[in-house]
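Only one structure is covered here, and it is reproduced in the block below.
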Amino acid sequence: FSFGSVMTAAAAAFKFSSVAGLWCARVGAAAGLATTRRSSASAAAVNKAPQLSLLMHMDKVAALSGEEIARVWADFHAQKNIPCGVITAHEYNTLQSKAKQCPNFVIPTVTANSTNPAAGFQAFFVQWQMPYYAIFTGADEYRILGAASKPLYKVTHYTELLATKGIVLARGEAAAPIDNRPVETSAGVTPEQGRQLFDRLHAFYGTSGGERRWSIVQRFNSGAPDFSFEQLLEECRAM
């Protein structure tokens, strides 16, 4: 089959060939946003393993190489303007280790302004729910409501292919409802903000971030007096 023709048709109308299509027709079905208050049931859903089978036909995926899967994954999400990535086992293990050490962080998204590049940002508080999720809420709301804050966005890591292909598939998406199905739009996060949250989460916690970025995360989690939001914001503006 042709990757290009399959994914173009899929992105256009969510109508897939039963023979060649990799993507399940359930992708993109509206399922609503998370509730304002997280009940014990919704908290359990957050910790439930995501199912890659809701997005891809796993019998067809099994016949592909890791490189082919990465190409399909990237092509599909590019068509829909959804941030995504393919993570190696080493990168994923690093994320898990760092998330356990520092489960919380604040990530600012920057608003582009041609007349004043320093103007405009919105901060989001992120909490890792390893091994699968990083959940985002508005930083201002979190300061007021704490754990009762409304989840707005999440980065999901699908680990089903880790043992057989040595990769983890990741994507950004709206905070999921109780049934944990993928939801691609969020009223509280724009597509550009979602892309920044996805990229910066992995930049600060991943293997490519370096000691400077990781030290900012550590100082935030330890409550160190030398933590500087201005330094964090400058680091994000430079990305």
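Scheme for the structure tokens: letters A, B, ... for chains in order shown; per-chain residue numbers from 1; ligand numbers from 1 in order shown.
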
request  = Pick out each residue of region 85-155 of chain A that DSSP on the backbone tags as helix (DSSP H, G or I); I need them as a VMD selection string.
outcome  = chain A and resid 89 to 101 139 to 148

inquiry  = When you look at Pro50 (chain A) with a cut-off of 7 Å (counting only C-alpha atoms), what residues show up, excluding the ones that are within fewer than 2 positions of it in the same chain? I need them as a ChimeraX atom specification.
reply    = /A:48,52,158

Glu192 (chain A) environment, 10 Å, only C-alpha atoms, sequence neighbours closer than 6 positions dropped, as a PyMOL selection string = chain A and resi 81-83+109-111+198

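Of note, CA of Phe136 (chain A) and CA of Tyr153 (chain A) are spaced 5.1 Å apart.
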
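In this model, the gap between CA of Cys102 (chain A) and CA of Gly120 (chain A) comes to 26.9 Å.
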
key: Neighbour list for Trp73 (chain A) as a PyMOL selection string, cut-off 9 Å, only C-alpha atoms, skip fewer than 6 positions in-chain   = chain A and resi 84-86+169

Skip Phe124 (chain A) itself and residues of its chain fewer than 3 positions away, then list as a compact mmCIF listing (two decimals) with N, CA, C and O atoms, in the first residue's frame all residues within 10 Å of it, counting only C-alpha atoms.
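Below you can see part-v2.txt, which holds the result:
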# COMPACT_ATOMS: atom_id res chain seq x y z
N PHE A 105 5.60 20.59 37.08
CA PHE A 105 6.37 21.68 36.47
C PHE A 105 5.38 22.71 35.95
O PHE A 105 4.17 22.47 35.91
N VAL A 106 5.88 23.85 35.58
CA VAL A 106 5.07 24.87 34.94
C VAL A 106 5.72 25.21 33.61
O VAL A 106 6.94 25.40 33.53
N ILE A 107 4.92 25.23 32.56
CA ILE A 107 5.44 25.48 31.22
C ILE A 107 4.69 26.64 30.60
O ILE A 107 3.47 26.58 30.41
N PRO A 108 5.38 27.73 30.27
CA PRO A 108 4.72 28.86 29.61
C PRO A 108 4.67 28.66 28.10
O PRO A 108 5.62 28.16 27.50
N THR A 109 3.54 29.01 27.50
CA THR A 109 3.45 29.09 26.05
C THR A 109 3.56 30.55 25.67
O THR A 109 3.01 31.42 26.34
N PHE A 121 2.40 35.67 27.16
CA PHE A 121 2.60 34.25 27.47
C PHE A 121 1.43 33.79 28.33
O PHE A 121 0.74 34.57 28.96
N GLN A 127 1.33 17.99 35.52
CA GLN A 127 1.57 16.91 36.48
C GLN A 127 1.70 15.60 35.70
O GLN A 127 0.82 15.24 34.91
N ILE A 135 -0.46 15.66 32.35
CA ILE A 135 -1.73 16.37 32.35
C ILE A 135 -1.49 17.86 32.62
O ILE A 135 -0.81 18.22 33.58
N PHE A 136 -2.10 18.72 31.78
CA PHE A 136 -1.92 20.16 31.90
C PHE A 136 -3.21 20.85 32.34
O PHE A 136 -4.31 20.48 31.89
N THR A 137 -3.05 21.85 33.18
CA THR A 137 -4.15 22.73 33.54
C THR A 137 -3.61 24.16 33.59
O THR A 137 -2.39 24.37 33.58
N GLY A 138 -4.49 25.14 33.60
CA GLY A 138 -4.03 26.53 33.66
C GLY A 138 -3.31 26.79 34.97
O GLY A 138 -3.80 26.42 36.05
N ALA A 139 -2.16 27.45 34.92
CA ALA A 139 -1.38 27.70 36.13
C ALA A 139 -2.14 28.60 37.09
O ALA A 139 -2.11 28.39 38.31
N ASP A 140 -2.85 29.60 36.57
CA ASP A 140 -3.60 30.51 37.44
C ASP A 140 -4.73 29.76 38.16
O ASP A 140 -4.96 29.96 39.36
N GLU A 141 -5.42 28.88 37.43
CA GLU A 141 -6.49 28.10 38.05
C GLU A 141 -5.92 27.14 39.08
O GLU A 141 -6.52 26.94 40.15
N TYR A 142 -4.76 26.57 38.79
CA TYR A 142 -4.18 25.62 39.73
C TYR A 142 -3.79 26.32 41.04
O TYR A 142 -3.91 25.74 42.13
N LEU A 152 -6.95 20.44 30.98
CA LEU A 152 -7.20 21.04 29.68
C LEU A 152 -6.54 20.27 28.53
O LEU A 152 -7.06 20.25 27.42
N TYR A 153 -5.40 19.67 28.81
CA TYR A 153 -4.60 19.09 27.74
C TYR A 153 -3.76 17.97 28.32
O TYR A 153 -3.50 17.95 29.53
N VAL A 189 -7.00 25.16 25.04
CA VAL A 189 -5.64 25.16 24.51
C VAL A 189 -5.71 25.24 22.99
O VAL A 189 -6.36 24.42 22.34
N GLN A 193 -0.53 26.40 21.08
CA GLN A 193 -0.17 26.16 22.48
C GLN A 193 0.07 24.68 22.73
O GLN A 193 1.01 24.32 23.44
N LEU A 197 3.43 23.04 24.26
CA LEU A 197 3.42 22.21 25.47
C LEU A 197 4.06 20.86 25.20
O LEU A 197 4.86 20.37 26.02

query = So, counting only C-alpha atoms, which residue among A:Phe204, A:Trp214, A:Tyr92, A:Phe125 is closest to Met239 (chain A)?
reply =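 Closest to Met239 (chain A) of all the choices is A:Phe204.
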